[in-house]
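Here's target-v3.txt, which has compact mmCIF, C-alpha atoms:
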```
# COMPACT_ATOMS: atom_id res chain seq x y z
CA MET E 1 153.16 4.50 136.03
CA THR E 2 156.03 2.78 137.78
CA THR E 3 157.80 4.30 140.76
CA ALA E 4 161.01 4.15 138.75
CA THR E 5 159.44 6.47 136.20
CA GLU E 6 158.25 8.85 138.92
CA LYS E 7 161.77 9.06 140.32
CA SER E 8 163.14 9.67 136.86
CA ILE E 9 160.64 12.47 136.34
CA GLU E 10 161.64 14.10 139.62
CA GLN E 11 165.29 13.96 138.60
CA LEU E 12 164.36 15.31 135.19
CA GLN E 13 162.67 18.36 136.74
CA LYS E 14 165.83 19.11 138.73
CA ARG E 15 168.04 18.83 135.69
CA ALA E 16 165.67 20.91 133.57
CA ALA E 17 165.79 23.67 136.20
CA ALA E 18 169.60 23.45 136.44
CA GLU E 19 169.92 23.75 132.66
CA GLY E 20 167.58 26.73 132.44
CA LEU E 21 164.95 24.75 130.54
CA LEU E 22 162.20 25.36 133.05
CA ASP E 23 160.57 28.37 131.41
CA VAL E 24 157.35 28.02 133.40
CA ALA E 25 157.29 26.10 136.69
CA TYR E 26 153.93 25.46 138.33
CA THR E 27 152.28 23.75 141.22
CA THR E 28 148.94 23.70 142.95
CA ALA E 29 148.44 24.89 146.51
CA ASP E 30 145.59 24.63 148.98
CA SER E 31 143.79 27.72 150.18
CA PRO E 32 140.70 28.32 152.34
CA PHE E 33 138.83 29.01 149.08
CA GLY E 34 139.99 25.89 147.23
CA PRO E 35 143.03 24.87 145.17
CA LEU E 36 145.17 27.57 143.57
CA LEU E 37 147.40 27.21 140.55
CA LEU E 38 150.74 29.00 140.95
CA ALA E 39 153.11 29.55 138.04
CA ARG E 40 156.42 31.35 137.81
CA THR E 41 159.10 32.16 135.28
CA GLU E 42 162.75 33.05 135.91
CA ARG E 43 161.52 36.65 136.42
CA GLY E 44 158.96 35.87 139.09
CA LEU E 45 155.35 34.90 139.77
CA VAL E 46 153.48 35.12 136.47
CA ARG E 47 150.07 33.53 137.12
CA VAL E 48 147.81 32.71 140.03
CA GLY E 49 144.80 30.60 139.07
CA LEU E 50 141.81 30.90 141.41
CA PRO E 51 139.75 27.87 142.52
CA ASN E 52 136.95 28.48 140.02
CA GLN E 53 139.34 28.74 137.06
CA ASP E 54 140.23 25.76 134.87
CA ALA E 55 143.88 24.86 135.57
CA ASP E 56 144.34 23.03 132.26
CA GLU E 57 143.13 26.07 130.36
CA LEU E 58 145.47 28.34 132.30
CA LEU E 59 148.43 26.04 131.59
CA ALA E 60 147.58 25.89 127.88
CA ASP E 61 147.42 29.68 127.89
CA LEU E 62 150.85 29.90 129.54
CA ALA E 63 152.24 27.45 126.96
CA ALA E 64 150.93 29.67 124.16
CA ARG E 65 151.82 33.08 125.62
CA VAL E 66 155.03 32.48 127.60
CA SER E 67 156.66 29.20 126.54
CA PRO E 68 155.52 25.61 125.96
CA ARG E 69 158.28 24.52 128.35
CA VAL E 70 155.77 24.27 131.17
CA LEU E 71 156.61 21.76 133.90
CA GLU E 72 155.19 20.92 137.29
CA ALA E 73 157.96 21.77 139.78
CA PRO E 74 156.56 22.41 143.28
CA LYS E 75 159.91 23.33 144.84
CA GLN E 76 160.23 26.33 142.54
CA LEU E 77 157.08 27.74 144.14
CA ASP E 78 157.98 27.09 147.78
CA GLU E 79 158.39 30.75 148.69
CA VAL E 80 155.14 31.76 146.97
CA ARG E 81 153.26 29.02 148.79
CA ARG E 82 154.82 29.99 152.10
CA GLU E 83 153.79 33.64 151.80
CA LEU E 84 150.28 32.75 150.64
CA ASP E 85 149.84 30.37 153.60
CA LEU E 86 150.87 33.14 156.00
CA TYR E 87 148.55 35.58 154.25
CA PHE E 88 145.57 33.25 154.63
CA GLU E 89 146.42 32.83 158.33
CA GLY E 90 146.31 36.61 158.69
CA LYS E 91 150.03 36.71 159.50
CA LEU E 92 151.31 38.48 156.42
CA ASP E 93 150.18 41.90 155.22
CA ARG E 94 152.65 42.48 152.41
CA PHE E 95 153.91 40.02 149.80
CA ASP E 96 157.57 40.19 149.04
CA LEU E 97 157.71 38.23 145.80
CA PRO E 98 159.27 39.07 142.43
CA LEU E 99 156.50 39.44 139.85
CA ASP E 100 156.52 38.82 136.11
CA TRP E 101 154.10 41.30 134.52
CA ARG E 102 154.38 40.06 130.96
CA LEU E 103 150.82 38.74 130.70
CA SER E 104 149.39 42.25 130.89
CA GLY E 105 150.46 45.25 128.86
CA GLY E 106 149.87 48.97 128.44
CA PHE E 107 147.04 50.57 130.37
CA ARG E 108 146.06 47.30 132.02
CA GLN E 109 149.52 46.79 133.41
CA ARG E 110 149.58 50.37 134.73
CA VAL E 111 146.26 49.73 136.50
CA LEU E 112 147.59 46.49 138.00
CA ARG E 113 150.80 48.13 139.18
CA ALA E 114 148.69 50.83 140.87
CA ILE E 115 146.55 48.12 142.49
CA ASN E 116 149.73 46.44 143.69
CA ARG E 117 150.39 49.53 145.86
CA ILE E 118 147.06 49.46 147.70
CA PRO E 119 147.97 48.60 151.31
CA TYR E 120 146.57 45.59 153.15
CA GLY E 121 143.18 46.20 154.70
CA GLN E 122 142.37 49.24 152.54
CA THR E 123 140.20 49.64 149.48
CA ARG E 124 140.15 51.94 146.46
CA SER E 125 137.61 52.64 143.74
CA TYR E 126 137.87 51.69 140.08
CA THR E 127 137.88 55.44 139.31
CA GLU E 128 140.93 56.03 141.49
CA MET E 129 142.75 53.18 139.78
CA ALA E 130 141.90 54.60 136.36
CA ARG E 131 143.28 57.97 137.46
CA LYS E 132 146.47 56.45 138.87
CA ALA E 133 146.99 54.61 135.59
CA GLY E 134 146.79 57.93 133.74
CA ASN E 135 143.23 58.11 132.42
CA GLU E 136 140.53 58.96 134.94
CA ARG E 137 137.77 58.50 132.39
CA ALA E 138 138.76 54.92 131.57
CA VAL E 139 136.88 53.50 134.55
CA ARG E 140 135.41 50.64 132.56
CA ALA E 141 138.86 49.73 131.20
CA ALA E 142 140.22 49.81 134.74
CA GLY E 143 137.48 47.34 135.71
CA THR E 144 138.46 45.11 132.80
CA ALA E 145 142.10 45.28 133.91
CA CYS E 146 141.07 44.07 137.38
CA GLY E 147 139.00 41.29 135.85
CA SER E 148 141.94 40.11 133.74
CA ASN E 149 144.49 40.32 136.56
CA PRO E 150 146.86 37.37 135.93
CA ILE E 151 148.24 37.48 139.49
CA PRO E 152 145.19 37.86 141.77
CA LEU E 153 145.61 37.69 145.60
CA VAL E 154 149.24 38.84 145.36
CA VAL E 155 148.27 41.80 143.17
CA PRO E 156 145.25 42.62 145.35
CA CYS E 157 142.49 43.42 142.87
CA HIS E 158 140.04 42.31 145.59
CA ARG E 159 140.78 45.68 147.25
CA VAL E 160 139.16 47.60 144.38
CA LEU E 161 135.47 48.40 144.89
CA ARG E 162 132.84 50.48 143.15
CA THR E 163 132.59 54.10 144.11
CA GLY E 164 130.16 54.01 147.03
CA GLY E 165 131.49 50.70 148.33
CA ALA E 166 129.63 48.04 146.33
CA LEU E 167 131.81 44.98 145.79
CA GLY E 168 131.88 45.15 141.98
CA GLY E 169 133.19 41.92 140.42
CA TYR E 170 135.83 39.28 141.07
CA GLY E 171 137.40 36.61 138.88
CA GLY E 172 137.24 34.14 141.76
CA GLY E 173 133.58 34.89 142.46
CA LEU E 174 132.09 37.48 144.82
CA PRO E 175 132.02 35.22 147.92
CA MET E 176 135.80 34.93 147.63
CA LYS E 177 136.22 38.68 147.27
CA GLN E 178 134.09 39.19 150.34
CA GLY E 179 136.01 36.50 152.22
CA LEU E 180 139.32 38.18 151.44
CA LEU E 181 138.05 41.58 152.56
CA GLU E 182 136.75 40.01 155.79
CA LEU E 183 140.15 38.37 156.33
CA GLU E 184 141.80 41.77 155.96
CA GLY E 185 139.30 43.32 158.37
CA VAL E 186 137.73 45.62 155.79
CA LEU E 187 134.30 44.00 155.93
CA ASP E 188 132.61 42.37 158.84
CA GLY E 189 130.67 39.16 158.34
CA ARG E 190 127.51 40.90 157.04
CA ALA E 191 126.59 40.30 153.43
CA ALA E 192 127.74 43.30 151.43
CA SER E 193 125.53 44.95 148.86
CA MET M 1 149.43 24.06 113.04
CA THR M 2 148.44 22.44 116.30
CA ALA M 3 149.36 24.50 119.37
CA LEU M 4 152.01 22.89 121.52
CA PRO M 5 150.52 21.63 124.79
CA PRO M 6 152.34 22.35 128.08
CA PHE M 7 155.36 20.04 128.21
CA GLN M 8 154.07 18.51 131.45
CA THR M 9 151.14 17.06 129.48
CA VAL M 10 153.57 15.43 127.05
CA LEU M 11 155.52 14.00 129.97
CA ASP M 12 152.38 12.72 131.71
CA GLU M 13 151.03 11.05 128.59
CA HIS M 14 154.16 9.47 127.19
CA SER M 15 156.69 8.92 129.98
CA ALA M 16 155.54 5.36 130.70
CA ALA M 17 155.81 4.34 127.04
CA VAL M 18 159.24 5.93 126.66
CA MET M 19 160.47 4.24 129.84
CA SER M 20 159.29 0.79 128.82
CA ILE M 21 160.81 1.12 125.37
CA LEU M 22 164.11 2.21 126.86
CA GLN M 23 164.02 -0.64 129.36
CA GLY M 24 163.59 -2.94 126.39
CA ALA M 25 166.34 -1.32 124.38
CA VAL M 26 169.08 -0.69 126.95
CA GLY M 27 168.06 -2.64 130.04
CA ARG M 28 166.60 -1.51 133.33
CA ASP M 29 169.87 -0.21 134.78
CA SER M 30 170.57 2.22 131.98
CA ALA M 31 166.99 3.11 131.13
CA ASP M 32 166.84 5.90 133.71
CA ASP M 33 169.84 7.72 132.18
CA CYS M 34 168.46 7.38 128.69
CA PHE M 35 165.06 8.55 129.92
CA GLN M 36 166.59 11.75 131.32
CA GLU M 37 168.56 12.33 128.14
CA THR M 38 165.51 11.72 126.00
CA PHE M 39 163.27 14.18 127.82
CA LEU M 40 165.97 16.82 128.26
CA ALA M 41 166.65 16.70 124.52
CA ALA M 42 162.91 16.87 123.88
CA LEU M 43 162.52 19.81 126.26
CA ARG M 44 165.39 21.67 124.57
CA ALA M 45 163.88 21.22 121.11
CA TYR M 46 160.23 21.53 122.11
CA PRO M 47 159.52 25.25 121.52
CA LYS M 48 160.71 24.91 117.91
CA LEU M 49 158.73 21.80 117.13
CA SER M 50 156.53 22.70 114.19
CA ASP M 51 154.09 19.82 114.30
CA ALA M 52 152.42 18.68 117.50
CA SER M 53 150.26 16.02 115.84
CA ASN M 54 152.55 13.07 116.58
CA LEU M 55 154.31 13.82 119.84
CA ARG M 56 154.56 10.16 120.75
CA GLY M 57 156.37 9.29 117.53
CA TRP M 58 158.65 12.29 117.99
CA LEU M 59 159.57 11.21 121.53
CA LEU M 60 160.12 7.60 120.52
CA THR M 61 162.44 8.75 117.74
CA ILE M 62 164.50 10.67 120.29
CA ALA M 63 164.43 7.71 122.71
CA HIS M 64 165.61 5.41 119.97
CA ARG M 65 168.53 7.72 119.17
CA LYS M 66 169.46 7.98 122.82
CA ALA M 67 169.44 4.19 123.06
CA ILE M 68 171.75 3.99 120.05
CA ASP M 69 174.02 6.67 121.59
CA HIS M 70 174.09 4.63 124.75
CA HIS M 71 175.19 1.47 122.93
CA ARG M 72 177.79 3.37 120.91
CA ALA M 73 179.21 4.89 124.07
CA ARG M 74 179.41 1.48 125.61
CA GLY M 75 181.17 0.32 122.45
CA ARG M 76 179.44 -3.00 122.30
CA GLU M 77 176.34 -4.78 121.26
CA PRO M 78 173.12 -4.11 123.11
CA VAL M 79 172.39 -5.89 126.35
CA PRO M 80 169.29 -7.97 125.93
CA VAL M 81 166.75 -7.95 128.70
CA ALA M 82 164.49 -10.68 129.85
CA GLU M 83 161.91 -8.38 131.35
CA VAL M 84 160.24 -5.87 129.12
CA ARG M 85 156.82 -4.43 129.65
CA GLU M 86 154.11 -6.08 131.65
CA VAL M 87 151.73 -6.51 128.75
CA ALA M 88 150.24 -9.57 127.17
CA VAL M 89 152.65 -10.70 124.50
CA GLU M 90 151.21 -11.45 121.11
CA ASP M 91 152.09 -14.08 118.60
CA GLY M 92 153.28 -16.51 121.19
CA ILE M 93 156.58 -14.84 122.03
CA PRO M 94 157.14 -15.71 125.69
CA GLU M 95 157.98 -12.76 127.88
CA HIS M 96 160.46 -14.29 130.27
CA ASP M 97 162.66 -16.33 128.03
CA PRO M 98 166.28 -15.24 128.47
CA GLY M 99 167.38 -17.27 125.47
CA LEU M 100 164.90 -15.54 123.22
CA TRP M 101 165.77 -12.04 124.38
CA ALA M 102 169.45 -12.85 124.07
CA ALA M 103 168.75 -13.72 120.46
CA VAL M 104 166.76 -10.50 120.02
CA GLY M 105 169.68 -8.57 121.49
CA ALA M 106 172.02 -10.11 118.97
CA LEU M 107 169.99 -8.94 115.97
CA PRO M 108 171.24 -6.04 113.82
CA PRO M 109 170.15 -2.70 115.42
CA LYS M 110 167.15 -1.92 113.18
CA GLN M 111 165.77 -5.42 113.38
CA ARG M 112 166.34 -5.56 117.11
CA ALA M 113 164.61 -2.23 117.64
CA ALA M 114 161.70 -3.21 115.42
CA VAL M 115 161.18 -6.50 117.28
CA ALA M 116 161.56 -4.82 120.70
CA LEU M 117 159.12 -2.05 119.80
CA ARG M 118 156.57 -4.43 118.32
CA TYR M 119 156.61 -7.16 120.95
CA GLY M 120 158.21 -5.45 123.92
CA SER M 121 156.27 -2.20 123.69
CA ASP M 122 153.32 -3.32 121.63
CA LEU M 123 153.60 -0.50 119.08
CA PRO M 124 151.83 -0.59 115.71
CA HIS M 125 153.93 -0.46 112.52
CA ASN M 126 153.43 3.23 111.83
CA GLU M 127 154.68 4.16 115.30
CA ILE M 128 157.66 1.83 114.97
CA ALA M 129 158.39 3.62 111.70
CA ALA M 130 158.15 7.00 113.46
CA ALA M 131 160.41 5.78 116.24
CA LEU M 132 162.99 4.43 113.82
CA GLY M 133 162.74 7.37 111.45
CA CYS M 134 161.86 5.20 108.46
CA SER M 135 158.80 4.39 106.36
CA PRO M 136 156.16 1.97 107.67
CA ALA M 137 157.13 -0.41 104.85
CA ALA M 138 160.77 -0.34 105.95
CA ALA M 139 159.71 -0.90 109.58
CA ARG M 140 157.60 -3.86 108.52
CA HIS M 141 160.56 -5.20 106.55
CA SER M 142 162.96 -4.86 109.52
CA LEU M 143 160.45 -6.62 111.74
CA HIS M 144 159.95 -9.39 109.19
CA GLU M 145 163.69 -9.91 108.72
CA GLY M 146 164.24 -9.86 112.47
CA LEU M 147 161.56 -12.47 113.09
CA LYS M 148 162.82 -14.63 110.23
CA ARG M 149 166.29 -14.61 111.73
CA LEU M 150 164.96 -15.40 115.20
CA ARG M 151 162.98 -18.36 113.88
CA LYS M 152 166.07 -19.67 112.12
CA GLU M 153 168.31 -19.24 115.15
CA LEU M 154 165.91 -20.60 117.69
CA GLY M 155 164.75 -23.38 115.42
```
Is it possible to express this structure as structure tokens?
Amino acid sequence: MTTATEKSIEQLQKRAAAEGLLDVAYTTADSPFGPLLLARTERGLVRVGLPNQDADELLADLAARVSPRVLEAPKQLDEVRRELDLYFEGKLDRFDLPLDWRLSGGFRQRVLRAINRIPYGQTRSYTEMARKAGNERAVRAAGTACGSNPIPLVVPCHRVLRTGGALGGYGGGLPMKQGLLELEGVLDGRAAS
Amino acid sequence: MTALPPFQTVLDEHSAAVMSILQGAVGRDSADDCFQETFLAALRAYPKLSDASNLRGWLLTIAHRKAIDHHRARGREPVPVAEVREVAVEDGIPEHDPGLWAAVGALPPKQRAAVALRYGSDLPHNEIAAALGCSPAAARHSLHEGLKRLRKELG
């Protein structure tokens, strides 16, 4: 591709944003765990893709479920990237980002909103999350809601553990969950059960 | 119905082709403007596109219309360009022959576009047809007429 075309594309992204045609803006960002995919709508952050997730698949999913007007536009994600960088450096304990919850509905969204209120450096059990979402017996469904969290890291599903303290699961893989909990000072470096 | 891919994919796959066609059709200086207009129009219409099976043809059709708009706005005949795309040129048409491209630029719009798309952008007949919004037979005819006229004029 010629440089002229690259410049034109950059200009195009600006004009698309100015005309309100940028329904989903995305970029990739580095993290200590590998590259993240970050996507936002005009409402806020809508998707965080973890390093072990297929970015192309996530983008195709956004095209189908939000809008096919999906464009790479790194500047639109500057604030998200800045807060994530600070978080990974241990310098930020609360994200202040608008969120777009549209990719999860009903009970799952209630679980995720409850998870979003778990403070930095603390953990809760799946049972507590099920109760907060209005159905204490739906522990398994609460686990599924965590597993399908479209905005991991920022909505801290890594802070939800099994009753008794076992790690449970994580979309980004258990080593990442453990790494995040170590970063937040919840776990020390020992391998957790 | 094929699901619409993220627009970025469309941009990544087809921007170079659209740019080179526009450079052929309106010249390097104006190609950037037409490129923006083409992709903005495509982006506006994209969510309602019902068939994703020929995105390239769809984009080239839009690019062609934007090139025509450009010439209409300028109120004169197209500016021929000596440089088109850096590809091997078939059928012995030399790439850097100002006289030849001046003659191409002087052809009637459909013939000019057909010749530019075939030899400037190396498109097959069915894609020229998609770009021009006509049948492959009509595209072939425009190309044939255009070449006939060129041969006559250039001796």
Using all atoms listed in the file, which residues of chain M come within 12 Å of chain E, and what is the closest atom pair for each, with the distance in Å to one decimal? Give it as a tab-separated table, sorted by chain and residue number.
```
residue	atom	partner	partner_atom	distance
M:Thr2	CA	E:Ala64	CA	11.0
M:Ala3	CA	E:Ala64	CA	7.2
M:Leu4	CA	E:Pro68	CA	6.3
M:Pro5	CA	E:Ala60	CA	6.0
M:Pro6	CA	E:Val70	CA	5.0
M:Phe7	CA	E:Val70	CA	5.2
M:Gln8	CA	E:Leu71	CA	4.8
M:Thr9	CA	E:Leu71	CA	8.5
M:Val10	CA	E:Leu71	CA	9.8
M:Leu11	CA	E:Ile9	CA	8.3
M:Asp12	CA	E:Met1	CA	9.3
M:Glu13	CA	E:Met1	CA	10.1
M:His14	CA	E:Met1	CA	10.2
M:Ser15	CA	E:Thr5	CA	7.2
M:Ala16	CA	E:Met1	CA	5.9
M:Ala17	CA	E:Met1	CA	9.4
M:Val18	CA	E:Thr5	CA	9.6
M:Met19	CA	E:Thr5	CA	6.8
M:Ser20	CA	E:Thr5	CA	9.3
M:Leu22	CA	E:Thr5	CA	11.3
M:Gln23	CA	E:Thr5	CA	10.9
M:Arg28	CA	E:Ala4	CA	9.6
M:Asp29	CA	E:Ala4	CA	10.6
M:Ser30	CA	E:Ser8	CA	11.6
M:Ala31	CA	E:Ser8	CA	9.5
M:Asp32	CA	E:Ser8	CA	6.2
M:Asp33	CA	E:Ser8	CA	8.4
M:Cys34	CA	E:Ser8	CA	10.0
M:Phe35	CA	E:Ser8	CA	7.3
M:Gln36	CA	E:Leu12	CA	5.7
M:Glu37	CA	E:Leu12	CA	8.7
M:Thr38	CA	E:Leu12	CA	9.9
M:Phe39	CA	E:Leu12	CA	7.5
M:Leu40	CA	E:Ala16	CA	6.7
M:Ala41	CA	E:Ala16	CA	10.0
M:Ala42	CA	E:Arg69	CA	10.0
M:Leu43	CA	E:Arg69	CA	6.7
M:Arg44	CA	E:Leu21	CA	6.7
M:Ala45	CA	E:Arg69	CA	9.7
M:Tyr46	CA	E:Arg69	CA	7.2
M:Pro47	CA	E:Pro68	CA	6.0
M:Lys48	CA	E:Pro68	CA	9.6
M:Leu49	CA	E:Pro68	CA	10.1
M:Ala52	CA	E:Pro68	CA	11.4
M:Arg85	CA	E:Thr2	CA	10.9
M:Glu86	CA	E:Thr2	CA	10.9
```
Between atom CA of M:Pro124 and atom CA of M:Glu145 - distance in Å to one decimal: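 If I compute the distance from atom CA of M:Glu145 to atom CA of M:Pro124, I get 16.6 Å.
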Long-range neighbours of M:Ile68 as JSON, numbers by chain, 9 Å cut-off, only C-alpha atoms, 4 positions minimum in chain: {"M": [25, 26, 63, 64, 72, 73, 78, 109]}
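Comparing E:Pro119, E:Gly105, E:Gly34, E:Pro74 by their smallest distance to E:Ala145, the closest is E:Gly105 (using all atoms listed in the file).
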Write out as a list of chain:residue names the residues lying within 7 Å of E:Leu37, counting all atoms listed in the file and excluding same-chain residues fewer than 5 positions away.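 After dropping sequence-adjacent residues, the list is E:Thr27, E:Thr28, E:Ala29, E:Val48, E:Gly49, E:Leu50, E:Ala55.
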Got a sec: who's within 6 Å of stretch 98-104 of chain E, counting all atoms listed in the file, leaving out chain neighbours fewer than 4 positions off, as a list of chain:residue names?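 Non-adjacent residues within range: E:Arg43, E:Gly44, E:Leu45, E:Val46, E:Gln109.
Considering only C-alpha atoms, the residue among E:Ser31, E:Asn52, E:Thr163, E:Gln178 positioned nearest to E:Thr127 is E:Thr163.
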Give me, as a PDB file with C-alpha atoms, in the coordinates of the input, all polymer residues having an atom no more than 10 Å from E:Arg113, counting all atoms listed in the file and skipping those fewer than 5 positions away in the same chain.
```
ATOM      1  CA  TRP E 101     154.100  41.300 134.520  1.00  0.00           C
ATOM      2  CA  PHE E 107     147.040  50.570 130.370  1.00  0.00           C
ATOM      3  CA  ARG E 108     146.060  47.300 132.020  1.00  0.00           C
ATOM      4  CA  ILE E 118     147.060  49.460 147.700  1.00  0.00           C
ATOM      5  CA  MET E 129     142.750  53.180 139.780  1.00  0.00           C
ATOM      6  CA  LYS E 132     146.470  56.450 138.870  1.00  0.00           C
ATOM      7  CA  ALA E 133     146.990  54.610 135.590  1.00  0.00           C
ATOM      8  CA  VAL E 155     148.270  41.800 143.170  1.00  0.00           C
ATOM      9  CA  PRO E 156     145.250  42.620 145.350  1.00  0.00           C
TER      10      PRO E 156
END
```
Pairwise distance for atom CA of M:Leu100 and atom CA of M:Ala113, rounded to one decimal in Å: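 Pair atom CA of M:Leu100 / atom CA of M:Ala113 returns 14.4 Å.
Across the structure, atom CA of M:Leu107 and atom CA of M:Gly146 are spaced 6.8 Å apart.
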Excluding M:Leu147 and its own-chain neighbours fewer than 5 positions away, which residues fall within 9 Å of it when counting only C-alpha atoms? Please give them as number ranges by chain. M: 104, 111, 115, 142, 152
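Each of M:Leu154, M:Ala129, M:Ile21, M:Ala67 was compared to M:Ala103 using only C-alpha atoms, and M:Leu154 turns out to be the nearest.
With distances restricted to all atoms listed in the file, M:Thr61 is the closest residue to M:Gly133 from M:Asn54, M:Glu153, M:Gly27, M:Thr61.
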As AutoDock Vina command-line options, please: the centre and edge lengths in Å, to one decimal, of an axis-aligned box enclosing every listed atom of stretch 75-86 of chain E with 6 Å added on each side.
```
--center_x 155.0 --center_y 28.5 --center_z 149.3 --size_x 22.4 --size_y 22.3 --size_z 25.5
```
